[in-house]
>>> print(open('data.cif').read())   # mmCIF, C-alpha atoms, pLDDT in the B column; chains and numbers go by the auth columns
data_upload
#
loop_
_atom_site.group_PDB
_atom_site.id
_atom_site.type_symbol
_atom_site.label_atom_id
_atom_site.label_comp_id
_atom_site.label_asym_id
_atom_site.label_seq_id
_atom_site.Cartn_x
_atom_site.Cartn_y
_atom_site.Cartn_z
_atom_site.B_iso_or_equiv
_atom_site.auth_seq_id
_atom_site.auth_asym_id
ATOM 1 C CA MET A 1 7.341 22.815 -1.890 53.00 1 M
ATOM 2 C CA THR A 2 6.970 22.224 1.851 59.00 2 M
ATOM 3 C CA SER A 3 10.559 23.261 2.495 56.00 3 M
ATOM 4 C CA GLY A 4 9.909 26.544 0.691 60.00 4 M
ATOM 5 C CA LEU A 5 6.932 27.261 2.927 60.00 5 M
ATOM 6 C CA LEU A 6 8.824 26.408 6.096 53.00 6 M
ATOM 7 C CA GLN A 7 12.069 28.172 5.197 53.00 7 M
ATOM 8 C CA SER A 8 10.884 31.615 6.354 57.00 8 M
ATOM 9 C CA ARG A 9 9.503 30.213 9.612 56.00 9 M
ATOM 10 C CA ILE A 10 12.694 28.288 10.314 48.00 10 M
ATOM 11 C CA ARG A 11 14.800 31.380 9.630 52.00 11 M
ATOM 12 C CA ALA A 12 12.601 33.485 11.936 54.00 12 M
ATOM 13 C CA ALA A 13 12.826 30.890 14.730 49.00 13 M
ATOM 14 C CA THR A 14 16.593 30.556 14.488 46.00 14 M
ATOM 15 C CA GLU A 15 17.198 34.297 14.191 47.00 15 M
ATOM 16 C CA ALA A 16 15.202 34.786 17.400 48.00 16 M
ATOM 17 C CA ARG A 17 17.970 32.781 19.132 47.00 17 M
ATOM 18 C CA GLY A 18 20.681 34.730 17.328 47.00 18 M
ATOM 19 C CA PHE A 19 21.529 32.137 14.679 54.00 19 M
ATOM 20 C CA SER A 20 21.899 33.967 11.395 54.00 20 M
ATOM 21 C CA GLU A 21 23.358 30.807 9.877 57.00 21 M
ATOM 22 C CA THR A 22 20.827 27.957 10.200 65.00 22 M
ATOM 23 C CA ARG A 23 23.368 25.412 8.987 70.00 23 M
ATOM 24 C CA LEU A 24 25.028 25.667 12.399 74.00 24 M
ATOM 25 C CA LEU A 25 21.927 24.129 13.967 74.00 25 M
ATOM 26 C CA THR A 26 20.829 21.765 11.221 76.00 26 M
ATOM 27 C CA HIS A 27 24.280 20.304 10.572 79.00 27 M
ATOM 28 C CA TRP A 28 25.826 20.587 14.052 85.00 28 M
ATOM 29 C CA PRO A 29 27.484 17.118 14.044 87.00 29 M
ATOM 30 C CA GLU A 30 29.076 17.849 10.664 88.00 30 M
ATOM 31 C CA VAL A 31 30.332 21.251 11.842 86.00 31 M
ATOM 32 C CA VAL A 32 31.989 20.200 15.115 89.00 32 M
ATOM 33 C CA GLY A 33 32.312 16.437 14.684 89.00 33 M
ATOM 34 C CA GLU A 34 30.263 13.542 16.027 89.00 34 M
ATOM 35 C CA GLN A 35 32.125 13.295 19.341 89.00 35 M
ATOM 36 C CA THR A 36 31.686 16.973 20.223 89.00 36 M
ATOM 37 C CA ALA A 37 28.079 17.002 19.009 88.00 37 M
ATOM 38 C CA ALA A 38 27.342 14.114 21.372 88.00 38 M
ATOM 39 C CA MET A 39 28.586 16.262 24.274 88.00 39 M
ATOM 40 C CA ALA A 40 26.952 19.611 23.505 89.00 40 M
ATOM 41 C CA ARG A 41 24.495 21.492 21.351 87.00 41 M
ATOM 42 C CA PRO A 42 24.262 25.167 20.439 86.00 42 M
ATOM 43 C CA ILE A 43 21.403 27.055 22.062 85.00 43 M
ATOM 44 C CA LYS A 44 22.066 30.746 21.493 82.00 44 M
ATOM 45 C CA VAL A 45 24.259 33.322 19.803 79.00 45 M
ATOM 46 C CA SER A 46 24.334 36.712 21.510 79.00 46 M
ATOM 47 C CA TYR A 47 25.907 39.923 20.301 76.00 47 M
ATOM 48 C CA ALA A 48 27.416 42.525 22.641 72.00 48 M
ATOM 49 C CA LYS A 49 26.307 46.130 22.251 72.00 49 M
ATOM 50 C CA GLY A 50 28.844 47.861 20.077 66.00 50 M
ATOM 51 C CA GLY A 51 31.285 44.993 20.489 64.00 51 M
ATOM 52 C CA PHE A 52 32.930 42.862 17.876 73.00 52 M
ATOM 53 C CA GLY A 53 32.259 39.183 17.758 76.00 53 M
ATOM 54 C CA ALA A 54 29.438 37.182 19.200 82.00 54 M
ATOM 55 C CA THR A 55 29.148 34.708 22.042 84.00 55 M
ATOM 56 C CA LEU A 56 27.968 31.195 21.253 86.00 56 M
ATOM 57 C CA THR A 57 26.246 29.435 24.169 86.00 57 M
ATOM 58 C CA LEU A 58 26.520 25.652 24.273 89.00 58 M
ATOM 59 C CA LEU A 59 24.399 23.347 26.417 89.00 59 M
ATOM 60 C CA THR A 60 26.113 20.329 27.949 88.00 60 M
ATOM 61 C CA THR A 61 25.944 18.063 30.976 81.00 61 M
ATOM 62 C CA GLY A 62 28.246 18.391 33.966 77.00 62 M
ATOM 63 C CA ALA A 63 30.365 15.396 33.077 80.00 63 M
ATOM 64 C CA PHE A 64 31.189 16.733 29.611 86.00 64 M
ATOM 65 C CA ALA A 65 31.920 20.348 30.587 87.00 65 M
ATOM 66 C CA PRO A 66 35.688 19.897 31.253 89.00 66 M
ATOM 67 C CA MET A 67 36.192 17.948 28.036 90.00 67 M
ATOM 68 C CA LEU A 68 34.227 20.538 26.102 90.00 68 M
ATOM 69 C CA GLN A 69 36.279 23.342 27.651 90.00 69 M
ATOM 70 C CA ALA A 70 39.419 21.768 26.201 91.00 70 M
ATOM 71 C CA GLU A 71 37.809 21.690 22.737 91.00 71 M
ATOM 72 C CA LEU A 72 36.744 25.380 22.658 91.00 72 M
ATOM 73 C CA PRO A 73 39.438 26.663 20.259 93.00 73 M
ATOM 74 C CA LYS A 74 38.645 23.881 17.777 93.00 74 M
ATOM 75 C CA ILE A 75 34.886 24.478 18.108 91.00 75 M
ATOM 76 C CA ARG A 76 35.322 28.229 17.579 90.00 76 M
ATOM 77 C CA ASP A 77 37.421 27.654 14.437 91.00 77 M
ATOM 78 C CA ARG A 78 34.911 25.207 12.960 89.00 78 M
ATOM 79 C CA VAL A 79 31.910 27.414 13.733 86.00 79 M
ATOM 80 C CA ASN A 80 33.630 30.458 12.243 84.00 80 M
ATOM 81 C CA ALA A 81 34.359 28.412 9.117 85.00 81 M
ATOM 82 C CA VAL A 82 30.579 27.982 8.717 80.00 82 M
ATOM 83 C CA TYR A 83 30.031 31.728 9.001 77.00 83 M
ATOM 84 C CA GLY A 84 32.932 32.447 6.674 77.00 84 M
ATOM 85 C CA PHE A 85 34.529 34.984 9.027 79.00 85 M
ATOM 86 C CA SER A 86 35.337 35.348 12.724 79.00 86 M
ATOM 87 C CA ALA A 87 31.742 35.855 13.810 80.00 87 M
ATOM 88 C CA ILE A 88 32.135 34.004 17.121 83.00 88 M
ATOM 89 C CA SER A 89 34.768 35.390 19.469 85.00 89 M
ATOM 90 C CA ARG A 90 33.659 33.682 22.701 87.00 90 M
ATOM 91 C CA ILE A 91 31.953 30.431 23.634 89.00 91 M
ATOM 92 C CA HIS A 92 30.001 30.108 26.860 88.00 92 M
ATOM 93 C CA ILE A 93 29.250 26.652 28.269 90.00 93 M
ATOM 94 C CA THR A 94 26.093 26.187 30.307 86.00 94 M
ATOM 95 C CA GLN A 95 24.724 23.120 32.014 82.00 95 M
ATOM 96 C CA THR A 96 21.159 24.400 32.076 67.00 96 M
ATOM 97 C CA ALA A 97 19.043 26.048 29.441 50.00 97 M
ATOM 98 C CA PRO A 98 18.757 29.837 29.672 49.00 98 M
ATOM 99 C CA THR A 99 14.998 29.529 30.195 53.00 99 M
ATOM 100 C CA GLY A 100 15.204 27.370 33.324 53.00 100 M
ATOM 101 C CA PHE A 101 16.161 24.056 34.773 53.00 101 M
ATOM 102 C CA ALA A 102 13.371 21.992 33.207 53.00 102 M
ATOM 103 C CA ALA A 103 14.508 22.809 29.679 50.00 103 M
ATOM 104 C CA GLY A 104 18.098 22.041 30.650 50.00 104 M
ATOM 105 C CA ARG A 105 17.454 18.378 31.257 53.00 105 M
ATOM 106 C CA VAL A 106 18.408 17.056 27.864 53.00 106 M
ATOM 107 C CA GLN A 107 19.621 13.772 26.563 55.00 107 M
ATOM 108 C CA PHE A 108 22.411 14.075 24.039 56.00 108 M
ATOM 109 C CA GLU A 109 22.510 11.610 21.201 57.00 109 M
ATOM 110 C CA THR A 110 25.447 9.273 21.189 55.00 110 M
ATOM 111 C CA THR A 111 26.570 7.057 18.409 57.00 111 M
ATOM 112 C CA LYS A 112 25.284 3.553 18.888 59.00 112 M
ATOM 113 C CA LYS A 113 27.839 0.803 18.749 60.00 113 M
ATOM 114 C CA ASP A 114 27.156 -1.958 16.300 61.00 114 M
ATOM 115 C CA THR A 115 25.560 -4.978 17.897 65.00 115 M
ATOM 116 C CA LYS A 116 27.641 -8.096 18.126 66.00 116 M
ATOM 117 C CA PRO A 117 26.867 -10.712 15.498 66.00 117 M
ATOM 118 C CA ALA A 118 25.300 -13.957 16.663 72.00 118 M
ATOM 119 C CA LEU A 119 27.771 -16.633 17.664 77.00 119 M
ATOM 120 C CA ASP A 120 28.187 -19.610 15.378 81.00 120 M
ATOM 121 C CA PRO A 121 26.402 -22.603 16.982 85.00 121 M
ATOM 122 C CA LYS A 122 29.297 -24.913 16.004 87.00 122 M
ATOM 123 C CA LEU A 123 31.752 -22.690 17.875 83.00 123 M
ATOM 124 C CA VAL A 124 29.422 -22.509 20.896 84.00 124 M
ATOM 125 C CA GLN A 125 29.254 -26.310 20.925 87.00 125 M
ATOM 126 C CA GLU A 126 33.051 -26.526 20.657 87.00 126 M
ATOM 127 C CA ALA A 127 33.434 -24.135 23.609 84.00 127 M
ATOM 128 C CA HIS A 128 30.909 -26.232 25.589 85.00 128 M
ATOM 129 C CA GLU A 129 32.908 -29.401 24.918 88.00 129 M
ATOM 130 C CA MET A 130 36.132 -27.684 26.002 87.00 130 M
ATOM 131 C CA SER A 131 34.638 -26.767 29.400 86.00 131 M
ATOM 132 C CA THR A 132 32.956 -30.098 30.243 86.00 132 M
ATOM 133 C CA GLY A 133 35.556 -31.024 32.896 87.00 133 M
ATOM 134 C CA VAL A 134 34.724 -27.991 35.063 86.00 134 M
ATOM 135 C CA HIS A 135 32.384 -28.884 37.952 87.00 135 M
ATOM 136 C CA ASP A 136 31.407 -25.371 39.099 89.00 136 M
ATOM 137 C CA GLU A 137 28.330 -24.294 37.074 88.00 137 M
ATOM 138 C CA GLY A 138 29.090 -20.556 37.160 88.00 138 M
ATOM 139 C CA LEU A 139 32.721 -21.045 36.181 88.00 139 M
ATOM 140 C CA ARG A 140 31.775 -23.464 33.393 87.00 140 M
ATOM 141 C CA ALA A 141 29.215 -21.013 31.967 88.00 141 M
ATOM 142 C CA ALA A 142 31.763 -18.181 32.069 88.00 142 M
ATOM 143 C CA LEU A 143 34.413 -20.345 30.374 87.00 143 M
ATOM 144 C CA GLU A 144 31.924 -21.419 27.683 87.00 144 M
ATOM 145 C CA LYS A 145 31.041 -17.809 26.934 86.00 145 M
ATOM 146 C CA LEU A 146 34.699 -16.760 26.880 87.00 146 M
ATOM 147 C CA GLY A 147 35.643 -19.708 24.693 86.00 147 M
ATOM 148 C CA ALA A 148 32.834 -19.026 22.218 85.00 148 M
ATOM 149 C CA ASN A 149 33.852 -15.360 21.969 83.00 149 M
ATOM 150 C CA VAL A 150 37.533 -16.202 21.444 84.00 150 M
ATOM 151 C CA LEU A 151 36.753 -18.862 18.848 84.00 151 M
ATOM 152 C CA THR A 152 34.396 -16.485 17.012 82.00 152 M
ATOM 153 C CA LYS A 153 36.981 -13.702 17.026 80.00 153 M
ATOM 154 C CA ASN A 154 39.671 -16.060 15.708 79.00 154 M
ATOM 155 C CA ALA A 155 37.311 -17.346 13.004 77.00 155 M
ATOM 156 C CA ASN A 156 36.413 -13.801 11.928 74.00 156 M
ATOM 157 C CA GLN A 157 40.072 -12.752 11.803 72.00 157 M
ATOM 158 C CA SER A 158 41.011 -15.733 9.653 71.00 158 M
ATOM 159 C CA LYS A 159 38.235 -14.748 7.176 68.00 159 M
ATOM 160 C CA VAL A 160 39.625 -11.205 6.853 60.00 160 M
ATOM 161 C CA GLU A 161 43.306 -12.108 6.484 58.00 161 M
ATOM 162 C CA PRO A 162 44.349 -13.305 3.003 55.00 162 M
#
>>> encode(input="data.cif", output="structure tokens")
Amino acid sequence: MTSGLLQSRIRAATEARGFSETRLLTHWPEVVGEQTAAMARPIKVSYAKGGFGATLTLLTTGAFAPMLQAELPKIRDRVNAVYGFSAISRIHITQTAPTGFAAGRVQFETTKKDTKPALDPKLVQEAHEMSTGVHDEGLRAALEKLGANVLTKNANQSKVEP
């Protein structure tokens, strides 16, 4: 029921920015892929007077702009697949929002890497015993950590292999 009430408001808000297809905004990572979605987001679609095809404006940070530039043909093809025809003929990349610099300071979501599992205490103890002959504290601690990681990796690989 709530979605029915909000649907007209959402459509009005997105059409004000030129998005006739709301799915482009709501499912952006699915449209362009997770990696591209982490680098940029769509902010506006503008139509030229009497011209064919629209211009999609993407917001990104300076570091991602060259990588995004290389992906433009793929992005255009995927976006046009959402529209069902060649609605977008050009893509403009901006590093600030069209309303000013304050709105342009955005943080793009990146996929979080899985956290490392806790090390097995038995393997940590085994790594500690292997490094007992080292007299330098810093070197011994580094060797213990390395040894525990290597032993854990080897143990995990032996569980996976038949």
>>> residues_around(input="data.cif", residues="Ser86 in chain M", least_positions_apart="5", cutoff="9 Å", atoms="all atoms listed in the file", output="NGL selection string")
:M and (53-54 or 76-77 or 79-81)
>>> resolve_selection(input="data.cif", expression="the PyMOL selection byres ((chain M and resi 68) around 12)", output="PDB file with C-alpha atoms, keeping the file's coordinate frame")
ATOM      1  CA  VAL M  32      31.989  20.200  15.115  1.00 89.00           C
ATOM      2  CA  GLN M  35      32.125  13.295  19.341  1.00 89.00           C
ATOM      3  CA  THR M  36      31.686  16.973  20.223  1.00 89.00           C
ATOM      4  CA  ALA M  37      28.079  17.002  19.009  1.00 88.00           C
ATOM      5  CA  ALA M  38      27.342  14.114  21.372  1.00 88.00           C
ATOM      6  CA  MET M  39      28.586  16.262  24.274  1.00 88.00           C
ATOM      7  CA  ALA M  40      26.952  19.611  23.505  1.00 89.00           C
ATOM      8  CA  ARG M  41      24.495  21.492  21.351  1.00 87.00           C
ATOM      9  CA  LEU M  58      26.520  25.652  24.273  1.00 89.00           C
ATOM     10  CA  LEU M  59      24.399  23.347  26.417  1.00 89.00           C
ATOM     11  CA  THR M  60      26.113  20.329  27.949  1.00 88.00           C
ATOM     12  CA  THR M  61      25.944  18.063  30.976  1.00 81.00           C
ATOM     13  CA  GLY M  62      28.246  18.391  33.966  1.00 77.00           C
ATOM     14  CA  ALA M  63      30.365  15.396  33.077  1.00 80.00           C
ATOM     15  CA  PHE M  64      31.189  16.733  29.611  1.00 86.00           C
ATOM     16  CA  ALA M  65      31.920  20.348  30.587  1.00 87.00           C
ATOM     17  CA  PRO M  66      35.688  19.897  31.253  1.00 89.00           C
ATOM     18  CA  MET M  67      36.192  17.948  28.036  1.00 90.00           C
ATOM     19  CA  GLN M  69      36.279  23.342  27.651  1.00 90.00           C
ATOM     20  CA  ALA M  70      39.419  21.768  26.201  1.00 91.00           C
ATOM     21  CA  GLU M  71      37.809  21.690  22.737  1.00 91.00           C
ATOM     22  CA  LEU M  72      36.744  25.380  22.658  1.00 91.00           C
ATOM     23  CA  PRO M  73      39.438  26.663  20.259  1.00 93.00           C
ATOM     24  CA  LYS M  74      38.645  23.881  17.777  1.00 93.00           C
ATOM     25  CA  ILE M  75      34.886  24.478  18.108  1.00 91.00           C
ATOM     26  CA  ARG M  76      35.322  28.229  17.579  1.00 90.00           C
ATOM     27  CA  ILE M  91      31.953  30.431  23.634  1.00 89.00           C
ATOM     28  CA  HIS M  92      30.001  30.108  26.860  1.00 88.00           C
ATOM     29  CA  ILE M  93      29.250  26.652  28.269  1.00 90.00           C
ATOM     30  CA  THR M  94      26.093  26.187  30.307  1.00 86.00           C
ATOM     31  CA  GLN M  95      24.724  23.120  32.014  1.00 82.00           C
TER      32      GLN M  95
END
>>> closest_residue(input="data.cif", among="M:Leu123, M:Ala118, M:Ile88, M:Ala142", to="Leu56 in chain M", atoms="all atoms listed in the file")
M:Ile88
>>> resolve_selection(input="data.cif", expression="the PyMOL selection byres ((chain M and resi 143) around 10)", output="number ranges by chain")
M: 127-128, 130-132, 134, 137-142, 144-149
>>> atom_distance(input="data.cif", atom1="CA of Glu34 in chain M", atom2="CA of Tyr83 in chain M")
19.5 Å
>>> atom_distance(input="data.cif", atom1="CA of Val150 in chain M", atom2="CA of Glu126 in chain M")
11.3 Å
>>> closest_residue(input="data.cif", among="M:Ala48, M:Val31, M:Leu24, M:Leu151", to="Arg78 in chain M", atoms="all atoms listed in the file")
M:Val31
>>> atom_distance(input="data.cif", atom1="CA of His135 in chain M", atom2="CA of Asn154 in chain M")
26.7 Å
>>> closest_residue(input="data.cif", among="M:Asn156, M:Glu129, M:Leu119, M:Ser89", to="Ser46 in chain M", atoms="all atoms listed in the file")
M:Ser89
>>> axis_aligned_box(input="data.cif", around="range 120-126 of chain M", padding_each_side="4 Å", output="JSON")
{"center_x": 29.7, "center_y": -23.1, "center_z": 18.2, "size_x": 14.6, "size_y": 14.9, "size_z": 13.5}
